[in-house]
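What follows is the content of upload_3.cif, which has mmCIF, C-alpha atoms:
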data_final
#
loop_
_atom_site.group_PDB
_atom_site.id
_atom_site.type_symbol
_atom_site.label_atom_id
_atom_site.label_comp_id
_atom_site.auth_asym_id
_atom_site.auth_seq_id
_atom_site.Cartn_x
_atom_site.Cartn_y
_atom_site.Cartn_z
ATOM 1 C CA MET A 1 -220.421 -33.637 12.555
ATOM 2 C CA PRO A 2 -217.663 -32.986 10.038
ATOM 3 C CA ASN A 3 -217.038 -29.563 8.572
ATOM 4 C CA GLN A 4 -218.927 -29.863 5.290
ATOM 5 C CA ASN A 5 -217.606 -26.616 3.870
ATOM 6 C CA PRO A 6 -214.234 -25.482 5.206
ATOM 7 C CA SER A 7 -214.269 -22.351 3.035
ATOM 8 C CA ILE A 8 -217.393 -21.076 4.779
ATOM 9 C CA ASP A 9 -215.194 -20.759 7.910
ATOM 10 C CA GLN A 10 -212.980 -18.316 6.027
ATOM 11 C CA MET A 11 -215.965 -16.523 4.556
ATOM 12 C CA PHE A 12 -217.677 -15.832 7.898
ATOM 13 C CA SER A 13 -214.327 -15.047 9.495
ATOM 14 C CA ALA A 14 -213.579 -12.525 6.728
ATOM 15 C CA LEU A 15 -216.977 -10.900 7.254
ATOM 16 C CA ALA A 16 -216.439 -10.567 11.018
ATOM 17 C CA ASP A 17 -214.443 -7.353 10.575
ATOM 18 C CA PRO A 18 -215.980 -3.914 9.937
ATOM 19 C CA THR A 19 -213.213 -2.798 7.529
ATOM 20 C CA ARG A 20 -213.654 -5.917 5.425
ATOM 21 C CA ARG A 21 -217.446 -5.579 5.448
ATOM 22 C CA ALA A 22 -217.054 -1.950 4.326
ATOM 23 C CA VAL A 23 -214.912 -3.202 1.413
ATOM 24 C CA VAL A 24 -217.624 -5.727 0.477
ATOM 25 C CA GLN A 25 -220.172 -2.913 0.698
ATOM 26 C CA ALA A 26 -218.056 -0.627 -1.525
ATOM 27 C CA LEU A 27 -217.431 -3.380 -4.085
ATOM 28 C CA SER A 28 -221.136 -4.255 -4.231
ATOM 29 C CA GLN A 29 -221.432 -0.919 -6.106
ATOM 30 C CA GLY A 30 -218.820 -2.004 -8.649
ATOM 31 C CA PRO A 31 -215.114 -2.809 -9.051
ATOM 32 C CA ALA A 32 -212.607 -0.414 -7.479
ATOM 33 C CA THR A 33 -208.847 -0.051 -7.227
ATOM 34 C CA VAL A 34 -207.006 -0.710 -3.975
ATOM 35 C CA SER A 35 -206.330 3.010 -3.519
ATOM 36 C CA GLN A 36 -209.978 3.910 -4.143
ATOM 37 C CA LEU A 37 -211.004 1.315 -1.564
ATOM 38 C CA ALA A 38 -208.374 2.418 0.944
ATOM 39 C CA ALA A 39 -209.219 6.152 0.692
ATOM 40 C CA PRO A 40 -212.016 6.251 3.346
ATOM 41 C CA PHE A 41 -209.879 4.465 5.950
ATOM 42 C CA ALA A 42 -207.371 6.041 8.309
ATOM 43 C CA MET A 43 -205.203 2.947 8.009
ATOM 44 C CA ALA A 44 -201.684 2.227 6.761
ATOM 45 C CA LEU A 45 -201.820 0.699 3.272
ATOM 46 C CA PRO A 46 -200.074 -2.555 4.326
ATOM 47 C CA SER A 47 -202.759 -3.181 6.975
ATOM 48 C CA PHE A 48 -205.461 -2.392 4.470
ATOM 49 C CA THR A 49 -204.033 -4.727 1.822
ATOM 50 C CA GLN A 50 -203.883 -7.446 4.487
ATOM 51 C CA HIS A 51 -207.649 -7.068 4.879
ATOM 52 C CA LEU A 52 -208.026 -7.380 1.109
ATOM 53 C CA GLY A 53 -205.878 -10.530 1.234
ATOM 54 C CA VAL A 54 -208.218 -12.075 3.820
ATOM 55 C CA LEU A 55 -211.234 -11.303 1.607
ATOM 56 C CA GLU A 56 -209.460 -12.737 -1.434
ATOM 57 C CA GLU A 57 -208.419 -15.948 0.367
ATOM 58 C CA ALA A 58 -212.006 -16.377 1.541
ATOM 59 C CA GLY A 59 -213.114 -16.152 -2.094
ATOM 60 C CA LEU A 60 -215.215 -13.044 -1.455
ATOM 61 C CA ILE A 61 -213.235 -10.815 -3.816
ATOM 62 C CA THR A 62 -210.850 -11.241 -6.709
ATOM 63 C CA SER A 63 -208.220 -8.775 -7.860
ATOM 64 C CA ARG A 64 -206.180 -8.220 -10.976
ATOM 65 C CA ARG A 65 -203.541 -5.812 -12.218
ATOM 66 C CA GLN A 66 -204.935 -3.034 -14.368
ATOM 67 C CA GLY A 67 -202.081 -0.890 -15.625
ATOM 68 C CA ARG A 68 -200.294 0.364 -12.514
ATOM 69 C CA ALA A 69 -203.273 -0.211 -10.237
ATOM 70 C CA ARG A 70 -204.854 -3.336 -8.767
ATOM 71 C CA LEU A 71 -208.567 -3.667 -9.445
ATOM 72 C CA CYS A 72 -210.769 -5.505 -6.935
ATOM 73 C CA VAL A 73 -214.064 -7.154 -7.850
ATOM 74 C CA LEU A 74 -216.715 -8.606 -5.525
ATOM 75 C CA ASN A 75 -217.556 -12.289 -5.948
ATOM 76 C CA GLY A 76 -221.342 -12.073 -5.640
ATOM 77 C CA PRO A 77 -222.028 -15.831 -5.823
ATOM 78 C CA ALA A 78 -219.685 -16.447 -2.862
ATOM 79 C CA LEU A 79 -221.704 -13.946 -0.840
ATOM 80 C CA ARG A 80 -224.749 -15.996 -1.789
ATOM 81 C CA ASP A 81 -223.161 -19.195 -0.359
ATOM 82 C CA ALA A 82 -222.936 -17.628 3.089
ATOM 83 C CA GLU A 83 -226.434 -16.186 2.715
ATOM 84 C CA ASP A 84 -227.818 -19.599 1.694
ATOM 85 C CA TRP A 85 -226.267 -21.271 4.730
ATOM 86 C CA LEU A 86 -227.965 -18.764 7.035
ATOM 87 C CA ALA A 87 -231.276 -18.862 5.155
ATOM 88 C CA ALA A 88 -231.451 -22.672 5.283
ATOM 89 C CA HIS A 89 -231.100 -22.751 9.064
ATOM 90 C CA ARG A 90 -233.331 -19.748 9.648
ATOM 91 C CA ARG A 91 -236.032 -21.449 7.544
ATOM 92 C CA GLN A 92 -235.680 -24.728 9.502
ATOM 93 C CA TRP A 93 -236.079 -22.724 12.699
ATOM 94 C CA GLU A 94 -239.207 -21.003 11.320
ATOM 95 C CA ALA A 95 -240.666 -24.302 10.079
ATOM 96 C CA ARG A 96 -240.261 -25.763 13.554
ATOM 97 C CA LEU A 97 -242.018 -22.746 15.093
ATOM 98 C CA ASP A 98 -244.873 -23.240 12.594
ATOM 99 C CA ARG A 99 -245.172 -26.951 13.486
ATOM 100 C CA LEU A 100 -245.127 -26.043 17.173
ATOM 101 C CA GLU A 101 -247.860 -23.467 16.651
ATOM 102 C CA ALA A 102 -249.964 -25.983 14.680
ATOM 103 C CA HIS A 103 -249.472 -28.540 17.445
ATOM 104 C CA LEU A 104 -250.508 -26.062 20.144
ATOM 105 C CA GLU A 105 -253.585 -25.310 18.049
ATOM 106 C CA THR A 106 -254.613 -29.002 18.242
ATOM 107 C CA LEU A 107 -254.347 -28.864 22.055
ATOM 108 C CA LYS A 108 -256.878 -26.038 22.350
ATOM 109 C CA PRO A 109 -260.285 -27.034 23.710
ATOM 110 C CA ALA A 110 -262.817 -27.603 20.911
ATOM 111 C CA ALA A 111 -264.673 -24.459 19.871
ATOM 112 C CA PRO A 112 -268.175 -24.201 21.496
ATOM 113 C CA GLU A 113 -270.049 -24.472 18.161
ATOM 114 C CA LYS A 114 -268.378 -27.786 17.350
ATOM 115 C CA GLU A 115 -269.571 -31.205 18.630
ATOM 116 C CA PRO A 116 -267.321 -32.404 21.468
ATOM 117 C CA SER A 117 -265.348 -35.514 20.451
ATOM 118 C CA ASP A 118 -265.953 -38.881 22.172
ATOM 119 C CA ASP A 119 -262.439 -39.304 23.605
ATOM 120 C CA MET B 1 -216.960 4.210 7.164
ATOM 121 C CA PRO B 2 -217.943 3.588 10.779
ATOM 122 C CA ASN B 3 -218.968 0.186 12.059
ATOM 123 C CA GLN B 4 -222.751 0.520 11.898
ATOM 124 C CA ASN B 5 -223.443 -2.731 13.702
ATOM 125 C CA PRO B 6 -220.728 -3.899 16.103
ATOM 126 C CA SER B 7 -222.713 -7.017 17.046
ATOM 127 C CA ILE B 8 -222.593 -8.280 13.472
ATOM 128 C CA ASP B 9 -218.823 -8.668 14.012
ATOM 129 C CA GLN B 10 -219.543 -11.111 16.823
ATOM 130 C CA MET B 11 -222.227 -12.873 14.814
ATOM 131 C CA PHE B 12 -220.040 -13.562 11.779
ATOM 132 C CA SER B 13 -217.107 -14.404 14.020
ATOM 133 C CA ALA B 14 -219.253 -16.919 15.933
ATOM 134 C CA LEU B 15 -220.351 -18.498 12.642
ATOM 135 C CA ALA B 16 -216.755 -18.879 11.415
ATOM 136 C CA ASP B 17 -216.293 -22.113 13.362
ATOM 137 C CA PRO B 18 -217.620 -25.534 12.253
ATOM 138 C CA THR B 19 -218.523 -26.660 15.799
ATOM 139 C CA ARG B 20 -220.547 -23.519 16.382
ATOM 140 C CA ARG B 21 -222.254 -23.792 12.983
ATOM 141 C CA ALA B 22 -223.126 -27.424 13.828
ATOM 142 C CA VAL B 23 -224.737 -26.168 17.058
ATOM 143 C CA VAL B 24 -226.758 -23.602 15.089
ATOM 144 C CA GLN B 25 -227.769 -26.376 12.683
ATOM 145 C CA ALA B 26 -228.816 -28.675 15.560
ATOM 146 C CA LEU B 27 -230.776 -25.910 17.309
ATOM 147 C CA SER B 28 -232.572 -24.988 14.077
ATOM 148 C CA GLN B 29 -234.433 -28.294 14.637
ATOM 149 C CA GLY B 30 -235.490 -27.218 18.133
ATOM 150 C CA PRO B 31 -234.147 -26.463 21.624
ATOM 151 C CA ALA B 32 -231.651 -28.920 23.133
ATOM 152 C CA THR B 33 -229.738 -29.321 26.365
ATOM 153 C CA VAL B 34 -225.994 -28.729 26.536
ATOM 154 C CA SER B 35 -225.324 -32.471 26.899
ATOM 155 C CA GLN B 36 -227.545 -33.308 23.910
ATOM 156 C CA LEU B 37 -225.686 -30.725 21.843
ATOM 157 C CA ALA B 38 -222.265 -31.890 23.041
ATOM 158 C CA ALA B 39 -222.927 -35.618 22.379
ATOM 159 C CA PRO B 40 -221.830 -35.694 18.676
ATOM 160 C CA PHE B 41 -218.530 -33.952 19.446
ATOM 161 C CA ALA B 42 -215.302 -35.579 20.607
ATOM 162 C CA MET B 43 -214.562 -32.518 22.690
ATOM 163 C CA ALA B 44 -214.076 -31.830 26.399
ATOM 164 C CA LEU B 45 -217.225 -30.271 27.855
ATOM 165 C CA PRO B 46 -215.445 -27.058 28.976
ATOM 166 C CA SER B 47 -214.279 -26.427 25.376
ATOM 167 C CA PHE B 48 -217.757 -27.149 24.104
ATOM 168 C CA THR B 49 -219.439 -24.816 26.594
ATOM 169 C CA GLN B 50 -216.941 -22.122 25.543
ATOM 170 C CA HIS B 51 -218.305 -22.439 21.999
ATOM 171 C CA LEU B 52 -221.836 -22.084 23.382
ATOM 172 C CA GLY B 53 -220.691 -18.979 25.255
ATOM 173 C CA VAL B 54 -219.425 -17.424 22.020
ATOM 174 C CA LEU B 55 -222.774 -18.136 20.324
ATOM 175 C CA GLU B 56 -224.663 -16.702 23.283
ATOM 176 C CA GLU B 57 -222.539 -13.523 23.436
ATOM 177 C CA ALA B 58 -223.109 -13.051 19.708
ATOM 178 C CA GLY B 59 -226.854 -13.222 20.368
ATOM 179 C CA LEU B 60 -227.290 -16.313 18.181
ATOM 180 C CA ILE B 61 -228.530 -18.534 20.994
ATOM 181 C CA THR B 62 -230.017 -18.120 24.442
ATOM 182 C CA SER B 63 -229.877 -20.617 27.282
ATOM 183 C CA ARG B 64 -231.737 -21.154 30.530
ATOM 184 C CA ARG B 65 -231.680 -23.598 33.432
ATOM 185 C CA GLN B 66 -234.270 -26.342 33.132
ATOM 186 C CA GLY B 67 -234.110 -28.530 36.227
ATOM 187 C CA ARG B 68 -230.556 -29.848 36.373
ATOM 188 C CA ALA B 69 -229.889 -29.233 32.701
ATOM 189 C CA ARG B 70 -229.242 -26.111 30.654
ATOM 190 C CA LEU B 71 -231.528 -25.713 27.655
ATOM 191 C CA CYS B 72 -230.263 -23.868 24.559
ATOM 192 C CA VAL B 73 -232.546 -22.156 22.050
ATOM 193 C CA LEU B 74 -231.659 -20.673 18.650
ATOM 194 C CA ASN B 75 -232.360 -16.977 18.130
ATOM 195 C CA GLY B 76 -233.774 -17.164 14.605
ATOM 196 C CA PRO B 77 -234.219 -13.385 14.113
ATOM 197 C CA ALA B 78 -230.504 -12.821 14.864
ATOM 198 C CA LEU B 79 -229.648 -15.308 12.118
ATOM 199 C CA ARG B 80 -231.840 -13.203 9.866
ATOM 200 C CA ASP B 81 -229.812 -10.057 10.652
ATOM 201 C CA ALA B 82 -226.651 -11.649 9.265
ATOM 202 C CA GLU B 83 -228.601 -13.040 6.312
ATOM 203 C CA ASP B 84 -230.089 -9.593 5.575
ATOM 204 C CA TRP B 85 -226.660 -7.978 5.594
ATOM 205 C CA LEU B 86 -225.405 -10.464 2.995
ATOM 206 C CA ALA B 87 -228.589 -10.308 0.912
ATOM 207 C CA ALA B 88 -228.502 -6.496 0.741
ATOM 208 C CA HIS B 89 -224.979 -6.457 -0.674
ATOM 209 C CA ARG B 90 -225.519 -9.423 -2.959
ATOM 210 C CA ARG B 91 -228.596 -7.660 -4.394
ATOM 211 C CA GLN B 92 -226.642 -4.427 -4.911
ATOM 212 C CA TRP B 93 -224.004 -6.432 -6.754
ATOM 213 C CA GLU B 94 -226.676 -8.096 -8.930
ATOM 214 C CA ALA B 95 -228.406 -4.764 -9.634
ATOM 215 C CA ARG B 96 -225.101 -3.333 -10.839
ATOM 216 C CA LEU B 97 -224.584 -6.335 -13.144
ATOM 217 C CA ASP B 98 -228.086 -5.776 -14.524
ATOM 218 C CA ARG B 99 -227.383 -2.083 -15.146
ATOM 219 C CA LEU B 100 -224.099 -3.006 -16.823
ATOM 220 C CA GLU B 101 -225.846 -5.527 -19.032
ATOM 221 C CA ALA B 102 -228.526 -2.983 -19.973
ATOM 222 C CA HIS B 103 -225.823 -0.444 -20.764
ATOM 223 C CA LEU B 104 -223.944 -2.928 -22.974
ATOM 224 C CA GLU B 105 -227.226 -3.608 -24.744
ATOM 225 C CA THR B 106 -227.490 0.101 -25.678
ATOM 226 C CA LEU B 107 -223.994 -0.050 -27.221
ATOM 227 C CA LYS B 108 -224.966 -2.824 -29.644
ATOM 228 C CA PRO B 109 -225.511 -1.745 -33.276
ATOM 229 C CA ALA B 110 -229.216 -1.151 -34.035
ATOM 230 C CA ALA B 111 -231.032 -4.282 -35.165
ATOM 231 C CA PRO B 112 -231.534 -4.340 -38.968
ATOM 232 C CA GLU B 113 -235.368 -4.335 -38.808
ATOM 233 C CA LYS B 114 -235.450 -1.175 -36.683
ATOM 234 C CA GLU B 115 -235.252 2.390 -38.025
ATOM 235 C CA PRO B 116 -231.827 3.844 -37.278
ATOM 236 C CA SER B 117 -232.058 6.729 -34.804
ATOM 237 C CA ASP B 118 -231.194 10.312 -35.861
ATOM 238 C CA ASP B 119 -228.371 10.813 -33.392
#
As structure tokens, the full file:
Amino acid sequence: MPNQNPSIDQMFSALADPTRRAVVQALSQGPATVSQLAAPFAMALPSFTQHLGVLEEAGLITSRRQGRARLCVLNGPALRDAEDWLAAHRRQWEARLDRLEAHLETLKPAAPEKEPSDD
Amino acid sequence: MPNQNPSIDQMFSALADPTRRAVVQALSQGPATVSQLAAPFAMALPSFTQHLGVLEEAGLITSRRQGRARLCVLNGPALRDAEDWLAAHRRQWEARLDRLEAHLETLKPAAPEKEPSDD
């Protein structure tokens, strides 16, 4: 089974860290500068900007210079790619449960008010 | 911003690997034994079972002995947890875009057929 989407590796890997998820959460409310994003964290700025770099390489955020600051923006559609991957497999799993349930239903003895079948 | 859900770290981290995602994909079709799951991979069994261990620790799969084999089962609701996290933030991002769009609409000059407002 080849890796059909190598960038989804980076996306899930980027999301596997609480600081980076908090950045995604903050940016879901709207664009913010690096210093605005860094403010809630007791973390040296170079470590924090490394986290932003991971998010940017994974395609989850973009950033651009705005005057003397750097403005970060969430890439909503990329978030949707990861969501879609999960939803597709969760739905397959649910569909199988439904089929299993329907199959078990056919194995139940016939209800008393129904005519018993010949076989 | 504290880490509200430490296990989501493990979940996203587990999903950041193509072999492990392929296992999730295979198990979304129904339970399978370790050797059935390992068959498509050109990988030593100990490496493969390590991947299963990561998925199991993340709560994405469970496994149990079945005779001489070990049967793996996908934990669909856990998949949903990760999906919900992504969906919540994607929706927030979309809602903000909608508000922005509505705000931009209010900045447009009044349409010619409408009465101009007093203020």
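CA of Pro31 (chain B) to CA of Gly59 (chain B) spans 15.2 Å [interatomic distance, one decimal].
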Output of the PyMOL selection byres ((chain A) within 9 of (chain B)), listed as a PyMOL selection string: chain A and resi 1-6+8-19+21-22+24-25+27-30+40-41+74-77+79-80+82-87+89-97
Chain A least-squares fitted onto chain B over all paired Cα atoms, as a compact mmCIF listing (two decimals) with C-alpha atoms, in the coordinates of the input:
# COMPACT_ATOMS: atom_id res chain seq x y z
CA MET A 1 -217.01 4.26 7.40
CA PRO A 2 -217.97 3.58 11.01
CA ASN A 3 -219.02 0.16 12.20
CA GLN A 4 -222.80 0.51 12.06
CA ASN A 5 -223.49 -2.75 13.85
CA PRO A 6 -220.75 -3.95 16.20
CA SER A 7 -222.74 -7.07 17.14
CA ILE A 8 -222.66 -8.30 13.55
CA ASP A 9 -218.87 -8.67 14.03
CA GLN A 10 -219.54 -11.14 16.84
CA MET A 11 -222.26 -12.87 14.86
CA PHE A 12 -220.11 -13.56 11.78
CA SER A 13 -217.15 -14.41 13.99
CA ALA A 14 -219.28 -16.93 15.91
CA LEU A 15 -220.42 -18.50 12.64
CA ALA A 16 -216.84 -18.86 11.36
CA ASP A 17 -216.35 -22.11 13.29
CA PRO A 18 -217.68 -25.52 12.19
CA THR A 19 -218.54 -26.66 15.74
CA ARG A 20 -220.56 -23.52 16.37
CA ARG A 21 -222.31 -23.80 13.00
CA ALA A 22 -223.17 -27.42 13.82
CA VAL A 23 -224.74 -26.19 17.09
CA VAL A 24 -226.79 -23.61 15.15
CA GLN A 25 -227.82 -26.38 12.76
CA ALA A 26 -228.83 -28.69 15.64
CA LEU A 27 -230.77 -25.93 17.42
CA SER A 28 -232.61 -24.99 14.22
CA GLN A 29 -234.45 -28.31 14.79
CA GLY A 30 -235.48 -27.26 18.29
CA PRO A 31 -234.10 -26.51 21.77
CA ALA A 32 -231.57 -28.96 23.23
CA THR A 33 -229.61 -29.39 26.44
CA VAL A 34 -225.86 -28.78 26.56
CA SER A 35 -225.20 -32.52 26.90
CA GLN A 36 -227.46 -33.35 23.95
CA LEU A 37 -225.62 -30.75 21.88
CA ALA A 38 -222.19 -31.92 23.02
CA ALA A 39 -222.86 -35.64 22.35
CA PRO A 40 -221.81 -35.70 18.64
CA PHE A 41 -218.48 -33.97 19.34
CA ALA A 42 -215.25 -35.61 20.44
CA MET A 43 -214.47 -32.55 22.54
CA ALA A 44 -213.93 -31.88 26.24
CA LEU A 45 -217.06 -30.33 27.76
CA PRO A 46 -215.27 -27.11 28.86
CA SER A 47 -214.16 -26.46 25.26
CA PHE A 48 -217.65 -27.18 24.02
CA THR A 49 -219.29 -24.86 26.55
CA GLN A 50 -216.83 -22.16 25.47
CA HIS A 51 -218.24 -22.47 21.95
CA LEU A 52 -221.74 -22.13 23.38
CA GLY A 53 -220.59 -19.02 25.26
CA VAL A 54 -219.37 -17.45 22.00
CA LEU A 55 -222.74 -18.16 20.35
CA GLU A 56 -224.59 -16.73 23.36
CA GLU A 57 -222.47 -13.55 23.48
CA ALA A 58 -223.09 -13.07 19.76
CA GLY A 59 -226.82 -13.25 20.47
CA LEU A 60 -227.28 -16.33 18.27
CA ILE A 61 -228.48 -18.57 21.10
CA THR A 62 -229.93 -18.17 24.56
CA SER A 63 -229.76 -20.67 27.39
CA ARG A 64 -231.57 -21.24 30.64
CA ARG A 65 -231.48 -23.69 33.53
CA GLN A 66 -234.07 -26.43 33.26
CA GLY A 67 -233.88 -28.61 36.34
CA ARG A 68 -230.32 -29.92 36.46
CA ALA A 69 -229.68 -29.31 32.77
CA ARG A 70 -229.07 -26.16 30.73
CA LEU A 71 -231.39 -25.76 27.76
CA CYS A 72 -230.17 -23.91 24.67
CA VAL A 73 -232.49 -22.19 22.20
CA LEU A 74 -231.64 -20.71 18.79
CA ASN A 75 -232.36 -17.01 18.28
CA GLY A 76 -233.85 -17.16 14.79
CA PRO A 77 -234.27 -13.39 14.31
CA ALA A 78 -230.56 -12.84 15.01
CA LEU A 79 -229.74 -15.32 12.26
CA ARG A 80 -231.97 -13.21 10.03
CA ASP A 81 -229.92 -10.05 10.81
CA ALA A 82 -226.78 -11.64 9.38
CA GLU A 83 -228.76 -13.02 6.44
CA ASP A 84 -230.26 -9.57 5.74
CA TRP A 85 -226.83 -7.95 5.72
CA LEU A 86 -225.61 -10.44 3.11
CA ALA A 87 -228.82 -10.27 1.06
CA ALA A 88 -228.73 -6.46 0.89
CA HIS A 89 -225.22 -6.41 -0.56
CA ARG A 90 -225.78 -9.38 -2.84
CA ARG A 91 -228.88 -7.62 -4.23
CA GLN A 92 -226.93 -4.36 -4.79
CA TRP A 93 -224.32 -6.38 -6.66
CA GLU A 94 -227.02 -8.04 -8.81
CA ALA A 95 -228.75 -4.70 -9.48
CA ARG A 96 -225.46 -3.27 -10.72
CA LEU A 97 -224.96 -6.27 -13.03
CA ASP A 98 -228.49 -5.71 -14.39
CA ARG A 99 -227.79 -2.00 -15.02
CA LEU A 100 -224.52 -2.93 -16.71
CA GLU A 101 -226.29 -5.46 -18.91
CA ALA A 102 -228.97 -2.89 -19.83
CA HIS A 103 -226.26 -0.36 -20.65
CA LEU A 104 -224.39 -2.84 -22.85
CA GLU A 105 -227.69 -3.52 -24.61
CA THR A 106 -227.94 0.18 -25.56
CA LEU A 107 -224.44 0.02 -27.10
CA LYS A 108 -225.40 -2.77 -29.52
CA PRO A 109 -225.77 -1.72 -33.15
CA ALA A 110 -229.41 -1.09 -34.08
CA ALA A 111 -231.24 -4.19 -35.28
CA PRO A 112 -231.43 -4.40 -39.14
CA GLU A 113 -235.25 -4.08 -39.25
CA LYS A 114 -235.15 -0.79 -37.35
CA GLU A 115 -234.52 2.64 -38.96
CA PRO A 116 -230.95 3.78 -38.27
CA SER A 117 -230.89 6.87 -36.01
CA ASP A 118 -229.60 10.23 -37.31
CA ASP A 119 -226.69 10.58 -34.86
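With CA of Glu56 (chain A) on one side and CA of Glu57 (chain B) on the other, the separation reads 28.1 Å.
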Axis-aligned box for region 36-40 of chain A, 6 Å per side, centre and edges in Å as JSON:
{"center_x": -210.2, "center_y": 3.8, "center_z": -0.4, "size_x": 15.6, "size_y": 16.9, "size_z": 19.5}
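Selection by the PyMOL selection byres ((chain B and resi 34) around 10) on the present file picks out B:Val23, B:Pro31, B:Ala32, B:Thr33, B:Ser35, B:Gln36, B:Leu37, B:Ala38, B:Ala39, B:Leu45, B:Phe48, B:Thr49, B:Leu52, B:Ser63, B:Ala69, B:Arg70, B:Leu71, B:Cys72.
Coordinates place CA of Val54 (chain A) at a distance of 24.2 Å from CA of Leu60 (chain B).
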